[in-house]
Amino acid sequence: MISPPASVDGFVKQFLANLNFDQGVSLSASDANDQYLALAGTVRDYLMARWLEDQTRQREQQAKTVCYLSAEYLLGKQLDNNLLAARLGEIATDALEQCGISMDDMREVEVEPGLGNGGLGRLAACFIDSLATMSVPTIGYGIRYEYGIFRQTFVDGQQVEQPDAWLRMGSPWEFPHPEAAQTISFGGRTETYDDEGVTRTRWIPDWNVLAVPYNMMVPGYHNGRVNTLRLWRAAATNAFDLRIFNSGDYEESVRAQTFAENISKVLYPEDSTPQGKELRLQQQYFFVAASINDFLDRVLPEGFDLEKLPDRVIFQLNDTHPVIGVPELMRVLVDERGMEWEDAWAITQKCFAYTCHTLLPEALEVWSVDLLGRLLPRHLEIIYRINDDFLEEVREKFGDDMMRIRNMSIIGEHPYRSVRMAYLATVAGAKVNGVAELHSQLLRDKVLHEFAEMYPDKFTNVTNGVTPRRFIRLANPSLASLITEALGAGWTVDLERLRGLEALAEDPEFRERFAAVKAGNKRRLSDVLERRDGVTIDDNHLLDVMVKRLHEYKRQTLKVLHIVTEYESIISGKVAAADIQPRTFIFGAKAAPGYAMAKRIIHLINSVASVVNNDPRVEGRLKVVFPPNYNVTLAESIIPAADLSEQISLAGKEASGTGNMKLALNGALTIGTDDGANVEIRQLVGDDNFFLFGMSEPEVEALWAKGYKPADFYQADPQLRAAMDLIASGAFSGGDRTVFEPVVSNLLYDDRFMVLADYASYIEAQKRVDLAYADQDAWTRSAILNIARSGFFSSDRSMRDYLDRIWHARPLL
Ligand SMILES: *Cc1c(COP(=O)(O)O)cnc(C)c1O
């Protein structure tokens, strides 16, 4: 049953009641934050009946549940998404208007929960949206970080991180449930004991923390369904020692509390630094143990026969962060529930599946045996036993091949003894998937090829996707209206229907309307940036967008070299500014705080921006804009306005990308390498509507094997030399040659990501872009075709693939 749509009057009444009784203020005395909290409370109230119903229904039906385990959820703002899902947008807007409040002000007040770093966390958020929309019983499990991804500011062009105190003004979308807390143990030792003639092991831990669940609603789009996202906060089991307090040592009396709360204090800003590693392992075990035990103790009915566990649950591991759940489930089944090892292992192997998200060897997580043994001694024993059994299996299958056994062992020996979490996940998981066709193939052929030989059926692909609700409906309302007018409303949950736009791409009137939508989105972005950062975007500029985390493999430096090449050609008089296609380059990128090279590249981009934007010789035809703090909210403004999508990673390094999908679905044309999901985008949209450049993955491998000598490329190409020399000369650093020397010499002598090898091809492709953009009508046609042919990249389709290939779960009736 779907609760009846609220009337405007009903909404006003409920809103005012919430303002008075929850916020404790009258309308006339309330400020915007009070109003926002009351509004959120009202939306929540309308969703509540459905949420409770769904929980009952899921209990009754005992359907197989997808437990998505992810250390990150990059949710973005909740208000609009929940209004859209519940069909309350118009009613709420009218109701607020009656109270003299503007919905736009409410949108401004909301802060997004940035509980993720980038693509991986945003993927989790898209997936739970799709699962709710498809009525699949799902619990998203994760961590309620008190501080999410840092807020990025620039000081003299350099990144400075500010803490993200997203909870400070109240957090209306979550429901704490202290009564459902789990106790999570750490440290100590193990011992064996005799249990009526059977030798068993028990763990005698040293210390505990409480895991307190905070539930958030995950409403499906227009289907009356509401799933749950359950995020765990750490708290002390004994918050406070009154005896110590009374003796006068106030600090010591709260020490335990501070210590425990540290576990969910901050999101790790990508693990490029070793410090705090131990806390990260604590976080992982904390949330995974809480989640698995929550499911076993509280979601399953009492007395559930655990032999049937694989029929009731699949724990999907979003990368290796939750892999410690494998020995945890084994520990619970064997030590606590008295199951035989072999039976428990058979069950465990059916209950987990693993998604790998990387191709970079340094990103494959390992934990030192020393640390893991200290923190989780019983789990280490279990991992050793799993490994012994597994290596025995390897011997049976391949003989006593020491090399192979060393390579495949879950325990690595160099440079220190460690647990290879990706291998553990691969051995334990029912399925292992990559996130784009090319990525899955490289996993099978390279990163995990010995495992693929051993378990060929385990390996599969599910190409990533993005939710069309957030990234088209909400982010690009004028495009959404245009599509609905053309195709009817069904496309929002059946994105393949966008195919219907192919014919309309040939209709001049439709093209004109599409071009007007794009122009409107550029103006909207310009307004947002003006308010936010005091910069504007010119109407007649091609909008060239590179938004994603700052990482060397993503090659923001290649983009910089293109800009500097254009700039150099103007100031050296090779090209008249008036002959250049006007372009605005937009960057959005955070660097991990400990990643020095990435931060230097940010500094370089900002420095190039300030020189290029202020040089009168450029005549305003090139503009570089780098708004700080790229996040989901900013993405929702930038992406709909983009003409050109920069997806320029070195082939074989980007697992999939999802920014590429969001941009194609909003009618940006891609300039990209044959990498990640770019490959599939190009296949779908067609070569005529995609600017391909650069080496293919096999070409990269061949050049690497032959010996990559970047200086040869530098010497051979005068244009490249001029651009590099201009940076090295200090032209962007007030004459100081030392500032960007590390960037330049990295590219020249030590670049694993082969920027200079792809430079010429990239510049040539950018020339094709300029030529194509000169024919506005043809460009618009290509943009429409990009949208029409990108329906495949809906996360609804990704979810169908997971359901069919991995989870074997079904939507709820
Ligand atoms: C989609 C998204 C990403 C991922 O971008 P890629 O280009 O795929 O790396 C990162 N951050 C935010 C805020 C996003 O919305």
# chains A, B, ... in the order shown; residues from 1 in each chain; ligands from 1

call {"tool": "residues_around", "arguments": {"residues": "Pro811 in chain A", "least_positions_apart": "6", "cutoff": "8 Å", "atoms": "only C-alpha atoms", "output": "ChimeraX atom specification"}}
result
/A:134-137

call {"tool": "residues_near_ligand", "arguments": {"ligand": "ligand 1", "cutoff": "9 Å", "atoms": "only C-alpha atoms and all ligand atoms", "output": "PyMOL selection string"}}
result
chain A and resi 74+76+114+116-123+466+471+546-550+554+588-590+630-636+646-647+654+656-662

call {"tool": "residues_around", "arguments": {"residues": "range 20-26 of chain A", "least_positions_apart": "5", "cutoff": "10 Å", "atoms": "only C-alpha atoms", "output": "list of chain:residue names"}}
result
A:Gln14, A:Phe15, A:Asp31, A:Asn33, A:Asp34, A:Gln35, A:Leu37, A:Ala38, A:Gly41

call {"tool": "closest_residue", "arguments": {"among": "A:Ala125, A:Leu359, A:Ala788, A:Val326", "to": "Glu502 in chain A", "atoms": "only C-alpha atoms"}}
result
A:Ala788

call {"tool": "closest_residue", "arguments": {"among": "A:Leu785, A:Val12, A:Met330, A:Leu229", "to": "Asn689 in chain A", "atoms": "only C-alpha atoms"}}
result
A:Leu785

call {"tool": "atom_distance", "arguments": {"atom1": "CA of Glu496 in chain A", "atom2": "CA of Glu90 in chain A"}}
result
27.3 Å

call {"tool": "closest_residue", "arguments": {"among": "A:Val755, A:Leu267, A:Leu720, A:Cys126", "to": "Ser794 in chain A", "atoms": "only C-alpha atoms"}}
result
A:Cys126

call {"tool": "select_by_dssp", "arguments": {"residues": "range 205-384 of chain A", "states": "alpha helix (DSSP H)", "output": "ChimeraX atom specification"}}
result
/A:242-246,250-253,255-261,277-294,309-312,325-331,341-351,369-375,377-384

call {"tool": "residues_around", "arguments": {"residues": "Asp494 in chain A", "least_positions_apart": "6", "cutoff": "12 Å", "atoms": "only C-alpha atoms", "output": "PyMOL selection string"}}
result
chain A and resi 130+133-134+221+467-469+487-488+500+790-797+800

call {"tool": "residues_around", "arguments": {"residues": "Tyr141 in chain A", "least_positions_apart": "6", "cutoff": "12 Å", "atoms": "only C-alpha atoms", "output": "PDB file with C-alpha atoms, in the first residue's frame"}}
result
ATOM      1  CA  VAL A  66      21.404  -8.113  -0.432  1.00  0.00           C
ATOM      2  CA  CYS A  67      23.725  -6.873   2.288  1.00  0.00           C
ATOM      3  CA  TYR A  68      25.937  -4.359   0.562  1.00  0.00           C
ATOM      4  CA  LEU A  69      29.069  -3.910   2.664  1.00  0.00           C
ATOM      5  CA  SER A  70      30.858  -0.693   1.858  1.00  0.00           C
ATOM      6  CA  ALA A  71      33.232   1.458   3.898  1.00  0.00           C
ATOM      7  CA  GLU A  72      32.004   4.452   1.883  1.00  0.00           C
ATOM      8  CA  TYR A  73      28.707   5.972   0.754  1.00  0.00           C
ATOM      9  CA  ALA A 124      27.517   2.386  -3.493  1.00  0.00           C
ATOM     10  CA  ALA A 125      25.053   5.276  -3.257  1.00  0.00           C
ATOM     11  CA  ILE A 128      21.283   1.319  -3.129  1.00  0.00           C
ATOM     12  CA  PRO A 213      23.324   1.677  14.317  1.00  0.00           C
ATOM     13  CA  TYR A 214      21.975   4.791  12.637  1.00  0.00           C
ATOM     14  CA  ASN A 215      19.339   3.959  10.046  1.00  0.00           C
ATOM     15  CA  MET A 216      18.669   6.060   6.997  1.00  0.00           C
ATOM     16  CA  ASN A 227      15.070   0.235   2.089  1.00  0.00           C
ATOM     17  CA  THR A 228      17.566   0.850   4.870  1.00  0.00           C
ATOM     18  CA  LEU A 229      21.085   2.177   4.978  1.00  0.00           C
ATOM     19  CA  ARG A 230      22.542   1.225   8.354  1.00  0.00           C
ATOM     20  CA  LEU A 231      25.643   3.140   9.392  1.00  0.00           C
ATOM     21  CA  TRP A 232      27.530   2.315  12.568  1.00  0.00           C
ATOM     22  CA  ARG A 233      28.870   4.749  15.108  1.00  0.00           C
ATOM     23  CA  GLN A 284      36.913  -2.237   8.822  1.00  0.00           C
ATOM     24  CA  PHE A 286      34.172  -2.691  13.469  1.00  0.00           C
ATOM     25  CA  PHE A 287      31.615  -2.123  10.755  1.00  0.00           C
ATOM     26  CA  VAL A 288      31.757  -5.548   9.154  1.00  0.00           C
ATOM     27  CA  ALA A 289      31.444  -7.470  12.403  1.00  0.00           C
ATOM     28  CA  ALA A 290      28.598  -5.203  13.496  1.00  0.00           C
ATOM     29  CA  SER A 291      26.837  -5.719  10.156  1.00  0.00           C
ATOM     30  CA  ILE A 292      27.189  -9.484   9.914  1.00  0.00           C
ATOM     31  CA  ASN A 293      26.129  -9.998  13.508  1.00  0.00           C
ATOM     32  CA  ASP A 294      23.284  -7.556  13.079  1.00  0.00           C
ATOM     33  CA  PHE A 295      22.038  -9.597  10.173  1.00  0.00           C
ATOM     34  CA  PHE A 315      27.199 -10.118   1.500  1.00  0.00           C
ATOM     35  CA  GLN A 316      28.575  -8.054  -1.367  1.00  0.00           C
ATOM     36  CA  LEU A 317      32.098  -6.796  -0.648  1.00  0.00           C
ATOM     37  CA  ASN A 318      32.596  -3.360  -2.162  1.00  0.00           C
ATOM     38  CA  PRO A 322      35.009  -5.436   4.202  1.00  0.00           C
TER      39      PRO A 322
END

call {"tool": "atom_distance", "arguments": {"atom1": "CA of Ser185 in chain A", "atom2": "CA of Asn208 in chain A"}}
result
4.3 Å
